[in-house]
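Listing of structure_26.cif, mmCIF, C-alpha atoms
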```
data_run
loop_
_atom_site.label_atom_id
_atom_site.label_comp_id
_atom_site.auth_asym_id
_atom_site.auth_seq_id
_atom_site.Cartn_x
_atom_site.Cartn_y
_atom_site.Cartn_z
CA MET A 7 57.22 -59.44 -124.43
CA SER A 8 59.48 -61.98 -126.10
CA ASP A 9 62.63 -61.02 -127.98
CA GLN A 10 61.20 -62.57 -131.06
CA LYS A 11 57.99 -60.60 -130.81
CA ASN A 12 60.04 -57.42 -130.44
CA ARG A 13 62.16 -58.40 -133.40
CA ASP A 14 59.04 -59.01 -135.49
CA ILE A 15 57.63 -55.64 -134.48
CA GLU A 16 60.89 -53.98 -135.54
CA PHE A 17 60.89 -55.85 -138.86
CA VAL A 18 57.26 -55.01 -139.56
CA LYS A 19 58.02 -51.36 -138.89
CA ILE A 20 60.87 -51.43 -141.40
CA LEU A 21 58.41 -52.75 -143.98
CA SER A 22 55.58 -50.36 -143.17
CA ASP A 23 57.95 -47.36 -143.12
CA GLY A 24 59.51 -48.54 -146.37
CA ASP A 25 62.86 -48.09 -144.64
CA SER A 26 65.15 -49.31 -147.41
CA SER A 27 68.31 -48.70 -145.40
CA LYS A 28 67.29 -51.32 -142.83
CA PHE A 29 65.84 -53.99 -145.11
CA ASP A 30 69.15 -55.86 -144.90
CA LEU A 31 68.27 -56.75 -141.29
CA LEU A 32 65.28 -58.75 -142.54
CA TYR A 33 67.35 -60.19 -145.34
CA ASP A 34 70.09 -61.35 -142.99
CA TYR A 35 67.64 -62.92 -140.58
CA PHE A 36 65.43 -64.82 -143.03
CA SER A 37 67.50 -65.43 -146.17
CA GLY A 38 69.15 -68.64 -144.93
CA ALA A 39 65.87 -70.35 -144.09
CA LEU A 40 64.09 -69.12 -147.21
CA PHE A 41 66.98 -70.22 -149.42
CA GLY A 42 66.81 -73.62 -147.71
CA VAL A 43 63.11 -73.84 -148.57
CA VAL A 44 63.60 -72.71 -152.19
CA LYS A 45 66.46 -75.17 -152.70
CA LYS A 46 64.26 -78.07 -151.65
CA ILE A 47 61.92 -77.15 -154.48
CA ILE A 48 64.57 -76.12 -157.03
CA PRO A 49 67.70 -78.19 -156.47
CA ASP A 50 69.85 -76.23 -158.96
CA GLU A 51 71.87 -73.79 -156.82
CA GLU A 52 72.01 -70.99 -159.43
CA GLN A 53 68.33 -71.15 -160.32
CA ALA A 54 67.42 -71.31 -156.64
CA ALA A 55 69.49 -68.17 -155.97
CA ASP A 56 67.65 -66.34 -158.79
CA ILE A 57 64.30 -67.38 -157.32
CA LEU A 58 65.29 -66.28 -153.82
CA GLN A 59 66.22 -62.89 -155.31
CA ASP A 60 62.80 -62.65 -157.02
CA ALA A 61 61.10 -63.63 -153.78
CA PHE A 62 62.87 -60.94 -151.73
CA ILE A 63 62.06 -58.33 -154.36
CA LYS A 64 58.40 -59.36 -154.17
CA ILE A 65 58.54 -59.18 -150.38
CA TRP A 66 59.78 -55.61 -150.62
CA ASP A 67 57.41 -54.54 -153.39
CA LYS A 68 54.36 -56.12 -151.70
CA ARG A 69 55.34 -54.96 -148.21
CA ASP A 70 52.04 -53.08 -147.76
CA SER A 71 50.03 -56.26 -148.14
CA TYR A 72 51.43 -57.97 -145.03
CA ASP A 73 48.65 -58.34 -142.47
CA SER A 74 49.78 -59.40 -139.00
CA SER A 75 46.31 -60.69 -138.13
CA LYS A 76 46.69 -63.46 -140.70
CA GLY A 77 50.03 -64.88 -139.67
CA THR A 78 53.58 -64.17 -138.62
CA LEU A 79 56.02 -62.26 -140.80
CA PHE A 80 57.97 -65.45 -141.39
CA THR A 81 54.83 -67.29 -142.53
CA TRP A 82 54.10 -64.51 -145.02
CA MET A 83 57.65 -64.50 -146.38
CA LEU A 84 57.67 -68.31 -146.48
CA ASN A 85 54.48 -68.32 -148.56
CA ILE A 86 55.83 -65.78 -151.03
CA SER A 87 59.12 -67.66 -151.42
CA ARG A 88 57.49 -71.07 -151.72
CA ASN A 89 54.92 -69.84 -154.23
CA THR A 90 57.60 -68.10 -156.31
CA ALA A 91 59.59 -71.33 -156.38
CA ILE A 92 56.58 -73.54 -157.14
CA ASP A 93 55.45 -71.16 -159.93
CA PHE A 94 58.91 -71.42 -161.41
CA THR A 95 58.78 -75.22 -161.48
CA ARG A 96 55.73 -74.85 -163.71
CA SER A 97 57.52 -72.50 -166.10
CA ARG A 98 59.39 -73.37 -169.29
CA ASN A 99 62.75 -72.33 -167.86
CA PHE A 100 62.66 -75.03 -165.24
CA LYS A 101 64.85 -77.93 -166.28
CA SER A 102 62.51 -80.39 -168.00
CA SER A 103 64.30 -83.42 -166.58
CA THR A 104 63.05 -82.53 -163.15
CA LYS A 105 59.70 -81.19 -164.24
CA ASN A 106 57.63 -84.33 -164.04
CA ARG A 107 59.00 -85.55 -160.82
CA LYS A 108 56.38 -87.04 -158.58
CA LEU A 109 55.88 -86.04 -155.00
CA GLU A 110 57.34 -89.30 -153.73
CA ASP A 111 60.57 -88.67 -155.60
CA ASN A 112 60.78 -85.18 -154.20
CA VAL A 113 60.85 -86.61 -150.72
CA GLY A 114 63.85 -88.69 -151.71
CA ILE A 115 65.55 -85.60 -153.02
CA ILE A 116 64.77 -83.74 -149.86
CA ASN A 117 66.43 -86.49 -147.88
CA LYS A 118 69.41 -86.64 -150.18
CA THR A 119 70.13 -82.95 -150.58
CA THR A 120 70.27 -82.19 -146.90
CA GLY A 121 73.63 -83.40 -145.90
CA THR A 122 75.45 -83.23 -149.22
CA HIS A 123 76.57 -79.65 -148.76
CA THR A 124 78.62 -79.61 -145.66
CA ASN A 125 79.26 -76.34 -144.01
CA THR A 126 81.93 -76.72 -141.36
CA ASP A 127 80.07 -74.47 -138.92
CA VAL A 128 77.10 -76.77 -138.71
CA ILE A 129 78.51 -80.26 -139.00
CA GLY A 130 77.47 -81.14 -135.48
CA MET A 131 73.97 -79.73 -136.02
CA ASN A 132 73.53 -81.62 -139.25
CA GLU A 133 74.29 -84.93 -137.63
CA VAL A 134 71.64 -84.28 -135.04
CA VAL A 135 69.07 -83.34 -137.68
CA GLU A 136 69.85 -86.62 -139.42
CA THR A 137 68.83 -88.47 -136.27
CA LEU A 138 65.22 -87.45 -136.81
CA PRO A 139 63.33 -90.66 -137.73
CA ALA A 140 62.71 -90.83 -141.49
CA ASP A 141 58.94 -91.12 -141.12
CA GLN A 142 58.74 -87.95 -139.00
CA ARG A 143 61.12 -86.09 -141.25
CA GLN A 144 59.05 -86.97 -144.32
CA ILE A 145 55.94 -85.38 -142.80
CA ILE A 146 57.58 -82.17 -141.64
CA ASP A 147 59.44 -81.76 -144.96
CA LEU A 148 56.27 -82.25 -147.01
CA MET A 149 54.43 -79.67 -144.91
CA TYR A 150 57.26 -77.19 -144.79
CA PHE A 151 59.00 -77.46 -148.14
CA ASN A 152 56.21 -78.74 -150.38
CA GLY A 153 53.48 -76.78 -148.62
CA LEU A 154 51.18 -79.82 -148.37
CA SER A 155 48.43 -79.86 -145.76
CA GLN A 156 48.17 -82.74 -143.31
CA GLU A 157 45.02 -83.94 -145.09
CA GLU A 158 46.82 -83.94 -148.45
CA ILE A 159 49.72 -85.93 -147.00
CA SER A 160 47.29 -88.39 -145.44
CA ASN A 161 45.52 -88.94 -148.79
CA GLU A 162 48.59 -88.89 -151.02
CA PHE A 163 50.72 -91.24 -148.94
CA ASN A 164 47.94 -93.28 -147.38
CA ILE A 165 48.94 -92.51 -143.82
CA PRO A 166 46.19 -92.12 -141.21
CA LEU A 167 45.58 -88.42 -140.43
CA GLY A 168 46.10 -89.00 -136.71
CA THR A 169 49.51 -90.52 -137.43
CA VAL A 170 50.41 -87.59 -139.71
CA LYS A 171 49.52 -85.12 -136.97
CA THR A 172 51.41 -87.00 -134.29
CA ARG A 173 54.52 -87.38 -136.48
CA ALA A 174 54.49 -83.68 -137.39
CA ARG A 175 54.37 -82.73 -133.75
CA SER A 176 57.00 -85.24 -132.66
CA ALA A 177 59.31 -84.02 -135.44
CA ILE A 178 59.05 -80.43 -134.31
CA SER A 179 59.54 -81.22 -130.65
CA LYS A 180 62.64 -83.30 -131.50
CA LEU A 181 64.03 -80.46 -133.64
CA ARG A 182 63.34 -78.02 -130.84
CA ALA A 183 65.47 -80.07 -128.50
CA VAL A 184 68.20 -80.36 -131.15
CA PHE A 185 68.42 -76.64 -131.82
CA LYS A 186 68.32 -75.72 -128.16
CA VAL A 187 71.32 -77.97 -127.60
CA GLY A 188 72.92 -76.57 -130.75
CA ILE A 189 72.64 -72.99 -129.51
CA GLN A 190 74.10 -73.73 -126.11
CA ALA A 191 77.02 -75.78 -127.45
CA MET B 13 39.93 -76.19 -124.59
CA ASN B 14 42.65 -75.51 -122.03
CA LYS B 15 46.11 -74.15 -122.78
CA GLU B 16 48.01 -77.47 -122.73
CA GLU B 17 45.47 -79.17 -124.94
CA TYR B 18 45.58 -76.27 -127.35
CA ILE B 19 49.38 -76.35 -127.58
CA SER B 20 49.47 -80.11 -128.05
CA SER B 21 46.75 -80.04 -130.72
CA GLY B 22 49.42 -79.10 -133.27
CA ILE B 23 47.62 -75.97 -134.44
CA LEU B 24 50.62 -73.72 -133.64
CA GLU B 25 52.87 -75.72 -135.97
CA ARG B 26 50.29 -75.43 -138.74
CA TYR B 27 49.92 -71.70 -138.02
CA VAL B 28 53.65 -71.06 -138.50
CA LEU B 29 53.61 -73.18 -141.66
CA GLY B 30 50.74 -71.09 -143.05
CA GLN B 31 48.24 -73.95 -143.08
CA CYS B 32 45.51 -72.52 -140.90
CA THR B 33 42.16 -71.34 -142.20
CA SER B 34 41.33 -67.72 -141.44
CA GLU B 35 39.08 -68.84 -138.56
CA GLU B 36 41.91 -70.90 -137.06
CA SER B 37 44.33 -67.97 -137.41
CA SER B 38 42.00 -65.64 -135.52
CA GLU B 39 41.58 -68.34 -132.91
CA VAL B 40 45.37 -68.54 -132.44
CA LEU B 41 45.55 -64.77 -131.89
CA ARG B 42 42.60 -64.96 -129.47
CA MET B 43 44.28 -67.76 -127.51
CA ILE B 44 47.52 -65.73 -127.32
CA SER B 45 45.63 -62.78 -125.89
CA VAL B 46 44.12 -65.05 -123.22
CA TYR B 47 47.29 -67.09 -122.55
CA PRO B 48 50.38 -65.01 -123.36
CA GLU B 49 52.56 -68.12 -122.75
CA ILE B 50 51.31 -69.47 -126.08
CA GLN B 51 53.30 -66.68 -127.76
CA GLY B 52 56.51 -68.18 -126.34
CA GLU B 53 55.55 -71.59 -127.63
CA LEU B 54 54.84 -70.13 -131.08
CA ASP B 55 58.16 -68.27 -131.09
CA GLU B 56 60.09 -71.43 -130.30
CA ILE B 57 58.36 -73.39 -133.05
CA GLU B 58 59.06 -70.64 -135.54
CA SER B 59 62.69 -70.22 -134.60
CA THR B 60 63.16 -74.02 -134.76
CA LEU B 61 61.71 -74.14 -138.26
CA ILE B 62 63.87 -71.20 -139.36
CA GLN B 63 66.99 -72.92 -138.05
CA TYR B 64 65.97 -76.25 -139.54
CA ALA B 65 65.59 -74.84 -143.07
CA ALA B 66 68.77 -72.79 -142.75
CA THR B 67 70.87 -75.80 -141.72
CA ASN B 68 73.78 -76.24 -144.17
CA VAL B 69 72.64 -73.38 -146.35
CA VAL B 70 74.99 -70.73 -147.71
CA VAL B 71 73.27 -67.97 -149.67
CA PRO B 72 75.40 -66.56 -152.51
CA ASP B 73 76.34 -62.91 -151.86
CA ARG B 74 75.09 -61.81 -155.25
CA VAL B 75 71.48 -62.30 -154.08
CA LYS B 76 71.82 -59.79 -151.25
CA ASN B 77 73.56 -57.28 -153.52
CA ALA B 78 70.82 -57.50 -156.14
CA VAL B 79 67.99 -57.33 -153.59
CA MET B 80 69.45 -54.34 -151.77
CA ALA B 81 70.12 -52.54 -155.06
CA HIS B 82 66.46 -53.00 -156.00
CA VAL B 83 65.22 -51.93 -152.58
CA LYS B 84 67.36 -48.80 -152.55
CA SER B 85 66.50 -47.77 -156.10
CA GLY B 86 62.75 -48.36 -155.81
CA GLY B 87 62.28 -47.59 -152.16
CA ASN B 88 62.81 -43.90 -151.80
CA GLY B 89 61.00 -42.53 -154.77
CA THR B 90 62.61 -42.48 -158.19
CA GLN B 91 59.94 -40.24 -159.65
CA THR B 92 61.78 -37.37 -161.34
CA THR B 93 60.04 -34.07 -160.90
CA ASN B 94 59.42 -32.31 -164.18
CA VAL B 95 60.26 -28.66 -163.93
CA VAL B 96 58.10 -26.58 -166.22
CA THR B 97 59.73 -23.32 -167.14
CA MET B 98 57.55 -20.58 -168.45
CA SER B 99 58.83 -17.82 -170.62
CA PRO B 100 57.91 -14.31 -169.48
CA PRO B 101 54.49 -13.52 -170.86
CA GLN B 102 54.19 -10.96 -173.55
CA ASN B 103 51.88 -8.15 -172.64
CA LYS B 104 49.29 -8.89 -175.29
CA PHE B 105 48.92 -12.45 -174.18
CA ASN B 106 48.80 -11.89 -170.48
CA TRP B 107 45.31 -13.25 -170.27
CA LEU B 108 46.35 -16.31 -172.27
CA ALA B 109 49.26 -16.88 -169.92
CA ALA B 110 46.96 -16.49 -166.92
CA ALA B 111 44.47 -18.92 -168.41
CA SER B 112 47.22 -21.45 -169.09
CA VAL B 113 48.45 -21.20 -165.51
CA VAL B 114 44.92 -21.85 -164.30
CA LEU B 115 44.67 -24.82 -166.65
CA LEU B 116 48.04 -26.11 -165.58
CA LEU B 117 47.16 -25.83 -161.90
CA GLY B 118 43.83 -27.49 -162.60
CA SER B 119 45.49 -30.31 -164.43
CA ALA B 120 48.13 -30.71 -161.74
CA PHE B 121 45.39 -30.93 -159.15
CA LEU B 122 43.48 -33.52 -161.17
CA ASN B 123 46.72 -35.44 -161.63
CA TYR B 124 47.23 -35.43 -157.92
CA VAL B 125 43.67 -36.62 -157.27
CA GLN B 126 44.11 -39.35 -159.86
CA TYR B 127 47.44 -40.34 -158.38
CA THR B 128 46.15 -40.72 -154.83
CA ARG B 129 43.13 -42.55 -156.12
CA ASN B 130 45.38 -44.92 -158.04
CA ASN B 131 47.43 -45.53 -154.95
CA SER B 132 44.46 -46.32 -152.82
CA LEU B 133 43.02 -48.53 -155.55
CA SER B 134 46.20 -50.55 -155.87
CA GLY B 135 46.23 -50.92 -152.09
CA GLU B 136 42.66 -52.16 -152.29
CA ILE B 137 43.51 -54.55 -155.09
CA ALA B 138 46.37 -55.98 -153.05
CA SER B 139 44.19 -56.50 -150.01
CA LEU B 140 41.40 -58.01 -152.15
CA ARG B 141 43.93 -60.34 -153.68
CA ASP B 142 45.06 -61.42 -150.23
CA GLN B 143 41.49 -61.91 -149.14
CA ASN B 144 40.86 -63.91 -152.26
CA SER B 145 43.72 -66.25 -151.54
CA VAL B 146 42.37 -66.74 -148.03
CA PHE B 147 38.96 -67.64 -149.49
CA ALA B 148 40.57 -69.93 -152.05
CA ASN B 149 42.39 -71.65 -149.24
CA ASP B 150 39.18 -72.06 -147.22
CA LEU B 151 37.43 -73.38 -150.31
CA ASP B 152 40.16 -75.96 -150.88
CA VAL B 153 39.76 -77.15 -147.33
CA THR B 154 35.98 -77.37 -147.70
CA LYS B 155 36.25 -79.13 -151.05
CA ALA B 156 38.71 -81.65 -149.68
CA GLY B 157 36.34 -82.28 -146.77
CA TYR B 158 33.43 -82.83 -149.14
CA GLU B 159 35.35 -85.25 -151.36
CA LYS B 160 36.46 -87.12 -148.30
CA SER B 161 32.87 -87.46 -147.05
CA GLN B 162 31.79 -88.78 -150.43
CA GLN B 163 34.57 -91.34 -150.49
CA LEU B 164 33.74 -92.34 -146.95
CA PHE B 165 30.07 -92.75 -147.79
CA ALA B 166 30.90 -94.98 -150.77
CA PHE B 167 33.24 -97.00 -148.59
CA LEU B 168 30.68 -97.54 -145.82
CA ASN B 169 28.04 -98.41 -148.39
CA ASP B 170 30.22 -101.01 -150.10
CA THR B 171 28.91 -104.55 -149.51
CA ALA B 172 32.51 -105.74 -149.04
CA THR B 173 32.87 -103.48 -146.02
CA LYS B 174 32.63 -105.42 -142.81
CA VAL B 175 31.55 -103.77 -139.55
CA ILE B 176 33.43 -104.96 -136.48
CA SER B 177 32.35 -103.75 -133.09
CA MET B 178 35.22 -103.48 -130.60
CA LYS B 179 33.85 -103.92 -127.09
CA GLY B 180 35.40 -102.74 -123.82
CA VAL B 181 37.59 -105.16 -121.86
CA PRO B 182 36.68 -105.89 -118.20
CA THR B 183 38.95 -103.06 -116.96
CA SER B 184 37.14 -100.51 -119.12
CA PRO B 185 33.65 -101.92 -119.74
CA ASN B 186 32.17 -98.67 -121.08
CA SER B 187 34.67 -98.20 -123.91
CA GLN B 188 33.56 -98.93 -127.42
CA ALA B 189 34.80 -98.32 -130.97
CA THR B 190 33.88 -99.61 -134.40
CA ILE B 191 36.08 -100.86 -137.25
CA TYR B 192 34.97 -100.73 -140.88
CA TRP B 193 37.16 -103.08 -142.85
CA ASN B 194 36.97 -103.61 -146.59
CA LYS B 195 38.69 -106.87 -147.47
CA LYS B 196 38.65 -106.06 -151.18
CA THR B 197 40.58 -102.80 -150.87
CA SER B 198 42.21 -103.63 -147.49
CA GLU B 199 41.15 -100.20 -146.20
CA VAL B 200 40.43 -99.84 -142.49
CA TYR B 201 38.42 -97.04 -140.88
CA LEU B 202 37.72 -96.57 -137.21
CA SER B 203 35.07 -94.58 -135.42
CA VAL B 204 35.07 -93.83 -131.73
CA ASN B 205 31.78 -94.60 -129.99
CA SER B 206 32.97 -94.08 -126.45
CA LEU B 207 36.55 -93.73 -125.25
CA ASP B 208 37.67 -91.78 -122.19
CA LYS B 209 39.53 -88.57 -122.85
CA GLN B 210 43.30 -89.11 -122.61
CA GLN B 211 45.81 -86.88 -120.91
CA SER B 212 48.05 -85.14 -123.44
CA GLU B 213 51.03 -87.42 -122.83
CA TYR B 214 49.12 -90.50 -124.03
CA ASP B 215 47.68 -91.63 -127.36
CA TYR B 216 45.21 -94.33 -128.28
CA GLN B 217 46.82 -96.72 -130.77
CA LEU B 218 45.06 -99.29 -132.96
CA TRP B 219 46.54 -102.74 -133.51
CA ALA B 220 45.62 -105.42 -136.00
CA ILE B 221 46.25 -108.98 -134.87
CA VAL B 222 47.79 -110.64 -137.92
CA ASP B 223 48.58 -114.37 -137.59
CA GLY B 224 48.71 -114.03 -133.83
CA ALA B 225 51.02 -110.99 -133.71
CA PRO B 226 49.95 -107.37 -133.12
CA VAL B 227 50.82 -104.92 -135.91
CA ASN B 228 50.61 -101.12 -135.58
CA ALA B 229 47.51 -99.80 -137.36
CA GLY B 230 47.96 -96.10 -136.56
CA ILE B 231 47.27 -93.57 -133.86
CA LEU B 232 43.72 -92.43 -133.18
CA GLN B 233 43.01 -88.81 -133.75
CA MET B 234 40.89 -87.79 -130.77
CA SER B 235 38.81 -84.70 -131.32
CA ASP B 236 35.20 -83.53 -131.29
CA THR B 237 34.80 -85.22 -134.66
CA SER B 238 36.30 -88.58 -133.76
CA SER B 239 32.87 -90.23 -134.08
CA ILE B 240 33.33 -89.73 -137.83
CA PRO B 241 35.23 -92.74 -139.20
CA GLN B 242 38.93 -91.98 -139.59
CA LYS B 243 41.27 -93.80 -141.94
CA MET B 244 43.79 -96.15 -140.35
CA GLU B 245 46.54 -98.34 -141.85
CA SER B 246 45.33 -100.87 -144.45
CA PHE B 247 45.30 -104.62 -143.85
CA SER B 248 44.52 -107.45 -146.23
CA ASN B 249 44.55 -110.00 -143.46
CA ALA B 250 43.73 -109.70 -139.76
CA GLN B 251 41.99 -111.84 -137.17
CA ALA B 252 41.19 -109.12 -134.65
CA PHE B 253 41.56 -105.40 -133.94
CA ALA B 254 42.32 -103.83 -130.56
CA VAL B 255 43.05 -100.40 -129.11
CA THR B 256 45.59 -99.78 -126.34
CA ILE B 257 46.75 -96.70 -124.46
CA GLU B 258 50.35 -95.86 -125.37
CA LYS B 259 52.77 -93.04 -124.70
CA LYS B 260 52.42 -90.00 -126.99
CA GLY B 261 53.50 -90.86 -130.52
CA GLY B 262 52.69 -94.57 -130.16
CA SER B 263 54.73 -97.67 -129.36
CA VAL B 264 56.37 -100.39 -131.43
CA SER B 265 54.57 -103.14 -129.55
CA PRO B 266 51.34 -102.84 -127.58
CA THR B 267 51.07 -102.50 -123.82
CA LEU B 268 48.55 -105.32 -123.38
CA GLU B 269 47.49 -104.42 -119.82
CA LYS B 270 46.47 -101.01 -121.21
CA MET B 271 44.05 -102.51 -123.73
CA VAL B 272 40.68 -100.78 -123.78
CA VAL B 273 38.67 -102.42 -126.58
CA ILE B 274 39.01 -105.51 -128.77
CA GLY B 275 36.90 -107.02 -131.55
CA ASN B 276 37.06 -110.23 -133.54
CA ALA B 277 37.45 -109.81 -137.28
CA ILE B 278 36.46 -113.31 -138.30
#
```

Translate this structure into structure tokens?
Amino acid sequence: MSDQKNRDIEFVKILSDGDSSKFDLLYDYFSGALFGVVKKIIPDEEQAADILQDAFIKIWDKRDSYDSSKGTLFTWMLNISRNTAIDFTRSRNFKSSTKNRKLEDNVGIINKTTGTHTNTDVIGMNEVVETLPADQRQIIDLMYFNGLSQEEISNEFNIPLGTVKTRARSAISKLRAVFKVGIQA
Amino acid sequence: MNKEEYISSGILERYVLGQCTSEESSEVLRMISVYPEIQGELDEIESTLIQYAATNVVVPDRVKNAVMAHVKSGGNGTQTTNVVTMSPPQNKFNWLAAASVVLLLGSAFLNYVQYTRNNSLSGEIASLRDQNSVFANDLDVTKAGYEKSQQLFAFLNDTATKVISMKGVPTSPNSQATIYWNKKTSEVYLSVNSLDKQQSEYDYQLWAIVDGAPVNAGILQMSDTSSIPQKMESFSNAQAFAVTIEKKGGSVSPTLEKMVVIGNAI
């Protein structure tokens, strides 16, 4: 069985046992990615941190509702985090200047925000991520960060569905190569 | 569907991103039980996506502190137990005291029953809510499909929509595909009548010949439903349409010797 599968089994057990002393293992593993997702939806760093906190509290409180037959643990946590963030953008507290942003503009923001914060540990990695062709990056970011389906992207941006699917897959296989190199280096 | 085709269909990516219907999710689990290698593929996709989102991200420490404080306070039972002290019964009222103990025990028991019932009900509510969101998701997919069919029907029915039959070239005489091109809206749809199945490292790519030069018109999505017209790139002007076999992901310019069908648009 894969390491990841074992890790997931361990994490799921922490949730089903309600083992509060070990919840920090889940937090440490997933918080970076989930914060990355939330920040793409809520660019303000402080607000995004508050939303991530809400999302993790929901994850803990709703831990009994995770069902492994419906998806991976990460998928479940991703959905909770993304929905918490998207709900917030519809609330009154969300800065009104950004409220009526259209989807197209969001993509621009996605492209801009990645790369502005430079963490010295990952400079090399970031440069490689930037080499992903813009058209492939757009598709994967819309699916991942905006939660759009491939059909929605095809309709909204007038891109043939077959092209959307191919770009999504190419993007992920390029990223896979990037992160494999990144880990070894 | 064999293992390679299944992996390259892109369903695993959609599964990790939470975009599968409940049928598709069960199918993924079924495929993993038949081909355990698919699990490895899924793991790699997931870990790639986790690393991708986490690139250049620094989570403020205050979040972890607040989350762990909540987890530790709520996690291991904060219910305070109420200790009921009873004063020693006076002789005369022994029977009253006895009755009150019986009542107290009875009420405690009922409380307990109510409490467990509440717990199981809230569990049920949570699972119903989950189920509901799965249904809502399925419904969205169905609705989107229905709207798409309606749009497609209107498009095909439009008198401005031109039907162009792309016939097989001498090297692949049995191939055939049809273009539906609306010059008013510039929209182009393509349906596959007969194209050989491609190996997973190749794609069929459509080209529009505009003023003598081929322009990419999108990659064909080949599936069981590819006889249903699929939307391609829009063109306001084109003299012909052709399909070639290209490497996976498409090419910038067509490989002309790998052309399979062509049709005149004028």

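With distances restricted to only C-alpha atoms, B:Ile221 is the closest residue to Gly275 of chain B from B:Ile221, B:Met234, B:Leu41, B:Ile257.
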
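Across the model, the gap from atom CA of Gly42 of chain A to atom CA of Asn144 of chain B is 28.1 Å.
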
Contacts of chain A with chain B up to 6 Å, shortest pair per row, all atoms listed in the file, as CSV:
```
residue,atom,partner,partner_atom,distance
A:Ser26,CA,B:Lys84,CA,5.6
A:Gly38,CA,B:Ala66,CA,4.7
A:Ala39,CA,B:Ala66,CA,4.0
A:Gly42,CA,B:Ala65,CA,5.0
A:Gln59,CA,B:Val75,CA,5.4
A:Thr81,CA,B:Gly30,CA,5.6
A:Asn125,CA,B:Asn68,CA,5.5
A:Pro166,CA,B:Met244,CA,4.8
A:Gly168,CA,B:Gln233,CA,4.3
A:Thr169,CA,B:Ile231,CA,5.2
A:Thr172,CA,B:Gly261,CA,5.8
A:Arg182,CA,B:Thr60,CA,5.6
```

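Coordinates place atom CA of Ser265 of chain B at a distance of 9.0 Å from atom CA of Trp219 of chain B.
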
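Straight-line separation from atom CA of Val175 of chain B to atom CA of Tyr214 of chain B: 26.9 Å.
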
Test item: which residues lie within 12 Å of (61.9, -62.9, -155.9) counting all atoms listed in the file, as a short mmCIF file (atom, residue, chain, number, x, y, z; two decimals) with C-alpha atoms, in the coordinates of the input:
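Contents of out_20.cif, freshly written:
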```
data_model
loop_
_atom_site.label_atom_id
_atom_site.label_comp_id
_atom_site.auth_asym_id
_atom_site.auth_seq_id
_atom_site.Cartn_x
_atom_site.Cartn_y
_atom_site.Cartn_z
CA SER A 37 67.50 -65.43 -146.17
CA LEU A 40 64.09 -69.12 -147.21
CA PHE A 41 66.98 -70.22 -149.42
CA VAL A 44 63.60 -72.71 -152.19
CA GLN A 53 68.33 -71.15 -160.32
CA ALA A 54 67.42 -71.31 -156.64
CA ALA A 55 69.49 -68.17 -155.97
CA ASP A 56 67.65 -66.34 -158.79
CA ILE A 57 64.30 -67.38 -157.32
CA LEU A 58 65.29 -66.28 -153.82
CA GLN A 59 66.22 -62.89 -155.31
CA ASP A 60 62.80 -62.65 -157.02
CA ALA A 61 61.10 -63.63 -153.78
CA PHE A 62 62.87 -60.94 -151.73
CA ILE A 63 62.06 -58.33 -154.36
CA LYS A 64 58.40 -59.36 -154.17
CA ILE A 65 58.54 -59.18 -150.38
CA TRP A 66 59.78 -55.61 -150.62
CA ASP A 67 57.41 -54.54 -153.39
CA LYS A 68 54.36 -56.12 -151.70
CA MET A 83 57.65 -64.50 -146.38
CA LEU A 84 57.67 -68.31 -146.48
CA ASN A 85 54.48 -68.32 -148.56
CA ILE A 86 55.83 -65.78 -151.03
CA SER A 87 59.12 -67.66 -151.42
CA ARG A 88 57.49 -71.07 -151.72
CA ASN A 89 54.92 -69.84 -154.23
CA THR A 90 57.60 -68.10 -156.31
CA ALA A 91 59.59 -71.33 -156.38
CA ILE A 92 56.58 -73.54 -157.14
CA ASP A 93 55.45 -71.16 -159.93
CA PHE A 94 58.91 -71.42 -161.41
CA VAL B 75 71.48 -62.30 -154.08
CA LYS B 76 71.82 -59.79 -151.25
CA ALA B 78 70.82 -57.50 -156.14
CA VAL B 79 67.99 -57.33 -153.59
CA HIS B 82 66.46 -53.00 -156.00
CA VAL B 83 65.22 -51.93 -152.58
#
```

Residues in the PyMOL selection byres ((chain B and resi 183) around 12), expressed as a ChimeraX atom specification | /B:179-182,184-187,256,268-273

The PyMOL selection byres ((chain A and resi 151) around 8) on the file shown: which residues, as a PyMOL selection string?
-> chain A and resi 43-44+46-47+88+147-150+152-153

Written as a PyMOL selection string, what is the full residue list that the PyMOL selection byres ((chain B and resi 194-196) around 12) yields on the file shown?
-> chain B and resi 164+166-176+191-193+197-202+243-251+277-278

Give the answer as one residue: which of B:Gln188, B:Ser161, B:Ser235, B:Asn228 has the shortest atom-to-atom distance to Lys209 of chain B, using all atoms listed in the file?
-> B:Ser235

May I have the residues within 10 Å of Arg173 of chain A as a list in words, using only C-alpha atoms and disregarding those fewer than 6 positions away in the same chain?
-> Pro139, Asp141, Gln142, Arg143, Gln144, Ile145, Ile146, Leu167 and Ser179 of chain A; Ile231, Gly261 and Gly262 of chain B
